[in-house]
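**Student:** final_35.txt (compact mmCIF, N, CA and C atoms) pasted underneath:
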# COMPACT_ATOMS: atom_id res chain seq x y z
N MET U 1 -18.33 5.65 -13.21
CA MET U 1 -17.47 6.69 -13.65
C MET U 1 -16.07 6.54 -13.10
N SER U 2 -15.58 5.33 -13.06
CA SER U 2 -14.22 5.13 -12.58
C SER U 2 -13.24 5.25 -13.74
N SER U 3 -12.12 5.79 -13.43
CA SER U 3 -11.08 6.01 -14.43
C SER U 3 -10.05 4.88 -14.36
N ALA U 4 -9.40 4.61 -15.47
CA ALA U 4 -8.40 3.55 -15.52
C ALA U 4 -7.14 3.94 -14.77
N ASN U 5 -6.87 5.24 -14.67
CA ASN U 5 -5.67 5.68 -13.97
C ASN U 5 -5.95 6.14 -12.55
N GLN U 6 -7.10 5.73 -12.02
CA GLN U 6 -7.45 6.10 -10.64
C GLN U 6 -6.58 5.32 -9.67
N TRP U 7 -6.09 6.01 -8.64
CA TRP U 7 -5.18 5.42 -7.67
C TRP U 7 -5.94 4.53 -6.70
N SER U 8 -5.36 3.41 -6.37
CA SER U 8 -5.92 2.51 -5.38
C SER U 8 -4.80 2.06 -4.45
N ALA U 9 -5.03 2.17 -3.16
CA ALA U 9 -3.98 1.88 -2.19
C ALA U 9 -3.55 0.42 -2.21
N ASP U 10 -4.49 -0.49 -2.38
CA ASP U 10 -4.13 -1.91 -2.31
C ASP U 10 -3.35 -2.36 -3.54
N GLU U 11 -3.41 -1.63 -4.65
CA GLU U 11 -2.64 -2.00 -5.83
C GLU U 11 -1.18 -1.53 -5.74
N ASP U 12 -0.96 -0.38 -5.13
CA ASP U 12 0.37 0.22 -5.15
C ASP U 12 1.30 -0.30 -4.06
N GLU U 13 0.81 -0.43 -2.85
CA GLU U 13 1.70 -0.82 -1.76
C GLU U 13 0.94 -1.60 -0.69
N SER U 14 1.68 -2.45 0.01
CA SER U 14 1.07 -3.24 1.07
C SER U 14 1.05 -2.42 2.36
N GLN U 15 0.40 -2.96 3.37
CA GLN U 15 0.34 -2.27 4.66
C GLN U 15 1.73 -2.10 5.27
N LEU U 16 2.55 -3.14 5.17
CA LEU U 16 3.89 -3.09 5.75
C LEU U 16 4.77 -2.06 5.04
N SER U 17 4.72 -2.04 3.72
CA SER U 17 5.54 -1.07 3.00
C SER U 17 5.06 0.36 3.25
N ARG U 18 3.77 0.53 3.44
CA ARG U 18 3.25 1.86 3.77
C ARG U 18 3.71 2.29 5.16
N LEU U 19 3.67 1.36 6.12
CA LEU U 19 4.14 1.67 7.47
C LEU U 19 5.62 2.02 7.47
N ILE U 20 6.41 1.29 6.70
CA ILE U 20 7.85 1.58 6.62
C ILE U 20 8.08 2.95 5.99
N ARG U 21 7.33 3.27 4.94
CA ARG U 21 7.48 4.57 4.29
C ARG U 21 7.08 5.71 5.24
N LYS U 22 5.98 5.54 5.95
CA LYS U 22 5.55 6.56 6.90
C LYS U 22 6.55 6.70 8.05
N SER U 23 7.17 5.60 8.44
CA SER U 23 8.17 5.65 9.51
C SER U 23 9.40 6.42 9.08
N ARG U 24 9.76 6.32 7.82
CA ARG U 24 10.89 7.09 7.32
C ARG U 24 10.56 8.58 7.23
N ASP U 25 9.31 8.89 6.89
CA ASP U 25 8.90 10.29 6.79
C ASP U 25 8.85 10.97 8.15
N SER U 26 8.32 10.28 9.14
CA SER U 26 8.25 10.83 10.50
C SER U 26 8.65 9.75 11.49
N PRO U 27 9.94 9.71 11.85
CA PRO U 27 10.47 8.62 12.65
C PRO U 27 10.00 8.62 14.10
N PHE U 28 9.44 9.70 14.59
CA PHE U 28 9.04 9.74 15.98
C PHE U 28 7.67 9.13 16.22
N VAL U 29 6.89 8.89 15.18
CA VAL U 29 5.58 8.25 15.35
C VAL U 29 5.74 6.80 15.82
N PRO U 30 6.59 5.98 15.19
CA PRO U 30 6.77 4.62 15.72
C PRO U 30 7.38 4.61 17.12
N ILE U 31 8.22 5.60 17.43
CA ILE U 31 8.77 5.70 18.79
C ILE U 31 7.65 5.98 19.77
N GLY U 32 6.72 6.86 19.41
CA GLY U 32 5.57 7.15 20.27
C GLY U 32 4.68 5.94 20.46
N ILE U 33 4.47 5.19 19.39
CA ILE U 33 3.65 3.99 19.48
C ILE U 33 4.33 2.95 20.37
N ALA U 34 5.64 2.78 20.20
CA ALA U 34 6.38 1.81 21.02
C ALA U 34 6.37 2.23 22.49
N GLY U 35 6.51 3.52 22.75
CA GLY U 35 6.46 4.00 24.13
C GLY U 35 5.09 3.79 24.74
N PHE U 36 4.04 4.03 23.95
CA PHE U 36 2.68 3.80 24.42
C PHE U 36 2.47 2.34 24.80
N VAL U 37 2.92 1.44 23.92
CA VAL U 37 2.77 0.00 24.20
C VAL U 37 3.58 -0.39 25.43
N THR U 38 4.77 0.19 25.60
CA THR U 38 5.61 -0.10 26.76
C THR U 38 4.94 0.35 28.05
N VAL U 39 4.41 1.57 28.06
CA VAL U 39 3.75 2.07 29.26
C VAL U 39 2.52 1.25 29.60
N VAL U 40 1.75 0.88 28.59
CA VAL U 40 0.56 0.07 28.83
C VAL U 40 0.95 -1.31 29.35
N SER U 41 1.98 -1.91 28.77
CA SER U 41 2.44 -3.22 29.24
C SER U 41 2.92 -3.15 30.69
N TYR U 42 3.69 -2.11 30.99
CA TYR U 42 4.17 -1.93 32.35
C TYR U 42 2.99 -1.72 33.31
N GLY U 43 2.00 -0.97 32.87
CA GLY U 43 0.82 -0.73 33.70
C GLY U 43 0.05 -2.00 33.97
N LEU U 44 -0.07 -2.85 32.96
CA LEU U 44 -0.75 -4.13 33.18
C LEU U 44 0.04 -5.03 34.12
N TYR U 45 1.36 -4.99 34.02
CA TYR U 45 2.19 -5.77 34.92
C TYR U 45 2.05 -5.26 36.36
N LYS U 46 2.09 -3.94 36.53
CA LYS U 46 1.98 -3.36 37.87
C LYS U 46 0.56 -3.46 38.44
N LEU U 47 -0.41 -3.75 37.59
CA LEU U 47 -1.79 -3.89 38.05
C LEU U 47 -1.90 -5.00 39.09
N LYS U 48 -1.10 -6.01 38.95
CA LYS U 48 -1.12 -7.13 39.89
C LYS U 48 -0.60 -6.73 41.27
N TYR U 49 0.35 -5.77 41.30
CA TYR U 49 0.99 -5.39 42.55
C TYR U 49 0.63 -3.97 42.99
N ARG U 50 -0.60 -3.57 42.77
CA ARG U 50 -0.98 -2.19 43.07
C ARG U 50 -1.36 -1.98 44.54
N ARG U 51 -1.33 -2.98 45.33
CA ARG U 51 -1.61 -2.95 46.76
C ARG U 51 -3.00 -2.38 47.03
N ASP U 52 -3.07 -1.28 47.78
CA ASP U 52 -4.38 -0.74 48.16
C ASP U 52 -4.84 0.41 47.27
N GLN U 53 -4.19 0.61 46.14
CA GLN U 53 -4.58 1.68 45.22
C GLN U 53 -5.84 1.27 44.45
N LYS U 54 -6.77 2.21 44.30
CA LYS U 54 -7.99 1.90 43.57
C LYS U 54 -7.69 1.65 42.10
N MET U 55 -8.50 0.81 41.50
CA MET U 55 -8.34 0.45 40.09
C MET U 55 -8.47 1.68 39.20
N SER U 56 -9.45 2.52 39.44
CA SER U 56 -9.66 3.68 38.58
C SER U 56 -8.47 4.64 38.65
N LEU U 57 -7.90 4.82 39.82
CA LEU U 57 -6.75 5.71 39.97
C LEU U 57 -5.54 5.14 39.23
N HIS U 58 -5.34 3.85 39.34
CA HIS U 58 -4.24 3.19 38.64
C HIS U 58 -4.39 3.35 37.12
N LEU U 59 -5.58 3.15 36.62
CA LEU U 59 -5.81 3.27 35.18
C LEU U 59 -5.63 4.71 34.70
N ILE U 60 -6.04 5.68 35.50
CA ILE U 60 -5.85 7.08 35.14
C ILE U 60 -4.37 7.41 35.06
N HIS U 61 -3.59 6.95 36.03
CA HIS U 61 -2.15 7.20 36.02
C HIS U 61 -1.49 6.58 34.78
N MET U 62 -1.87 5.37 34.44
CA MET U 62 -1.29 4.71 33.28
C MET U 62 -1.68 5.41 31.99
N ARG U 63 -2.93 5.86 31.91
CA ARG U 63 -3.37 6.58 30.71
C ARG U 63 -2.60 7.88 30.54
N VAL U 64 -2.44 8.62 31.63
CA VAL U 64 -1.70 9.88 31.57
C VAL U 64 -0.25 9.64 31.17
N ALA U 65 0.38 8.61 31.71
CA ALA U 65 1.76 8.30 31.36
C ALA U 65 1.88 7.92 29.88
N ALA U 66 0.97 7.10 29.38
CA ALA U 66 1.02 6.69 27.98
C ALA U 66 0.78 7.89 27.06
N GLN U 67 -0.21 8.71 27.39
CA GLN U 67 -0.48 9.89 26.56
C GLN U 67 0.68 10.87 26.61
N GLY U 68 1.30 11.00 27.76
CA GLY U 68 2.45 11.89 27.88
C GLY U 68 3.61 11.45 27.01
N PHE U 69 3.84 10.16 26.95
CA PHE U 69 4.91 9.64 26.10
C PHE U 69 4.62 9.91 24.63
N VAL U 70 3.38 9.70 24.22
CA VAL U 70 3.02 9.92 22.82
C VAL U 70 3.11 11.41 22.48
N VAL U 71 2.62 12.28 23.35
CA VAL U 71 2.69 13.72 23.09
C VAL U 71 4.15 14.18 23.04
N GLY U 72 4.99 13.64 23.91
CA GLY U 72 6.40 13.97 23.88
C GLY U 72 7.06 13.54 22.58
N ALA U 73 6.73 12.36 22.11
CA ALA U 73 7.30 11.87 20.85
C ALA U 73 6.82 12.72 19.67
N VAL U 74 5.56 13.10 19.66
CA VAL U 74 5.04 13.94 18.59
C VAL U 74 5.70 15.32 18.63
N THR U 75 5.90 15.87 19.83
CA THR U 75 6.56 17.17 19.97
C THR U 75 7.99 17.10 19.45
N LEU U 76 8.71 16.05 19.80
CA LEU U 76 10.07 15.88 19.28
C LEU U 76 10.06 15.74 17.76
N GLY U 77 9.07 15.06 17.23
CA GLY U 77 8.95 14.92 15.78
C GLY U 77 8.71 16.25 15.09
N VAL U 78 7.87 17.09 15.68
CA VAL U 78 7.61 18.41 15.11
C VAL U 78 8.86 19.27 15.17
N LEU U 79 9.56 19.24 16.29
CA LEU U 79 10.80 20.02 16.41
C LEU U 79 11.85 19.54 15.41
N TYR U 80 11.97 18.24 15.22
CA TYR U 80 12.91 17.69 14.25
C TYR U 80 12.53 18.12 12.83
N SER U 81 11.24 18.09 12.53
CA SER U 81 10.77 18.51 11.22
C SER U 81 11.04 19.99 10.98
N MET U 82 10.82 20.81 11.99
CA MET U 82 11.12 22.23 11.86
C MET U 82 12.61 22.45 11.63
N TYR U 83 13.43 21.69 12.34
CA TYR U 83 14.88 21.80 12.15
C TYR U 83 15.27 21.43 10.72
N GLU U 84 14.74 20.32 10.22
CA GLU U 84 15.08 19.86 8.87
C GLU U 84 14.59 20.83 7.80
N ASP U 85 13.41 21.43 8.00
CA ASP U 85 12.82 22.27 6.97
C ASP U 85 13.31 23.72 7.01
N HIS U 86 13.59 24.26 8.18
CA HIS U 86 13.86 25.69 8.29
C HIS U 86 15.26 26.03 8.79
N ILE U 87 15.69 25.42 9.85
CA ILE U 87 16.96 25.81 10.47
C ILE U 87 18.15 25.26 9.70
N ARG U 88 18.13 24.00 9.39
CA ARG U 88 19.26 23.37 8.71
C ARG U 88 19.55 24.01 7.35
N PRO U 89 18.54 24.23 6.48
CA PRO U 89 18.86 24.86 5.19
C PRO U 89 19.38 26.30 5.34
N ARG U 90 18.89 27.01 6.32
CA ARG U 90 19.30 28.40 6.48
C ARG U 90 20.75 28.51 6.91
N PHE U 91 21.18 27.69 7.84
CA PHE U 91 22.50 27.82 8.40
C PHE U 91 23.56 26.97 7.71
N PHE U 92 23.12 25.93 7.03
CA PHE U 92 24.10 25.04 6.39
C PHE U 92 24.01 25.08 4.86
N ASN U 93 23.22 25.98 4.31
CA ASN U 93 23.09 26.21 2.87
C ASN U 93 22.80 24.95 2.08
N GLU U 94 21.88 24.14 2.58
CA GLU U 94 21.49 22.91 1.87
C GLU U 94 20.15 23.16 1.19
N ALA U 95 19.98 22.59 0.05
CA ALA U 95 18.71 22.71 -0.66
C ALA U 95 17.72 21.73 -0.06
N LYS U 96 16.45 22.14 -0.03
CA LYS U 96 15.40 21.27 0.49
C LYS U 96 15.13 20.14 -0.49
N LYS U 97 14.98 18.93 0.03
CA LYS U 97 14.74 17.76 -0.84
C LYS U 97 13.34 17.77 -1.39
Please render this file's structure as structure tokens.
**Tutor:**
Amino acid sequence: MSSANQWSADEDESQLSRLIRKSRDSPFVPIGIAGFVTVVSYGLYKLKYRRDQKMSLHLIHMRVAAQGFVVGAVTLGVLYSMYEDHIRPRFFNEAKK
């Protein structure tokens, strides 16, 4: 029971074009991902020089830092979206796209 006009993701756009489109829609998600990768990379680098700190404590600190960066980026994205949707049109008399 498939229809000829049924949408299929692999026919319309590639993974890269979808990622680019999603990045334009919410620009803080790639920033959050990049921050997460940066914190994890830094944590792996510092793992070598952790001195007498326990491994589990080091990993907990790195996880909390990475999650904090992602939550911060998502929060900034929500605030930006609220600004674009509600505050900017009200005060600057612009029509919503």
**Student:** Find the distance between atom N of U:Pro30 and atom N of U:His58 and write it in Å to one decimal.
**Tutor:**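 Interatomic distance here is 27.0 Å.
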**Student:** Measuring between only C-alpha atoms, which one of U:Leu19, U:Val39, U:Val29, U:Ala34 shows the shortest distance to U:His61?
**Tutor:**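 The closest residue to U:His61 is U:Val39.
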**Student:** Closest to U:Gly35 among U:Leu57, U:Ala65, U:Ile87, U:Val78, using only N, CA and C atoms?
**Tutor:**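 Residue with the minimum atom-to-atom distance to U:Gly35: U:Ala65.
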**Student:** Expressed in Å to a single decimal, how great is the separation between atom CA of U:Gly72 and atom CA of U:Ile31?
**Tutor:** 10.0 Å
**Student:** Measuring atom to atom with only N, CA and C atoms, identify which of U:Ala66, U:Glu13, U:Arg51, U:Val74 is nearest to U:Thr38.
**Tutor:** U:Ala66
**Student:** Mind listing the alpha helix (DSSP H) residues of chain U, per DSSP on the backbone, as a PyMOL selection string?
**Tutor:** chain U and resi 9-12+15-25+28-47+55-82+88-92
**Student:** Rounded to one decimal place, report the atom CA of U:Tyr80-atom CA of U:Ser41 distance in Å.
**Tutor:** 27.8 Å
**Student:** Considering only C-alpha atoms, can you say which of U:Val40, U:Leu76, U:Leu47, U:Ile20 comes closest to U:Arg63?
**Tutor:**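 Smallest separation from U:Arg63 among the options: U:Val40.
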**Student:** I'd like the neighbourhood of U:Val70 as a count of residues only, where a residue qualifies if any of its atoms comes within 8 Å (using only C-alpha atoms), though same-chain residues fewer than 6 positions away should be ignored.
**Tutor:** 4
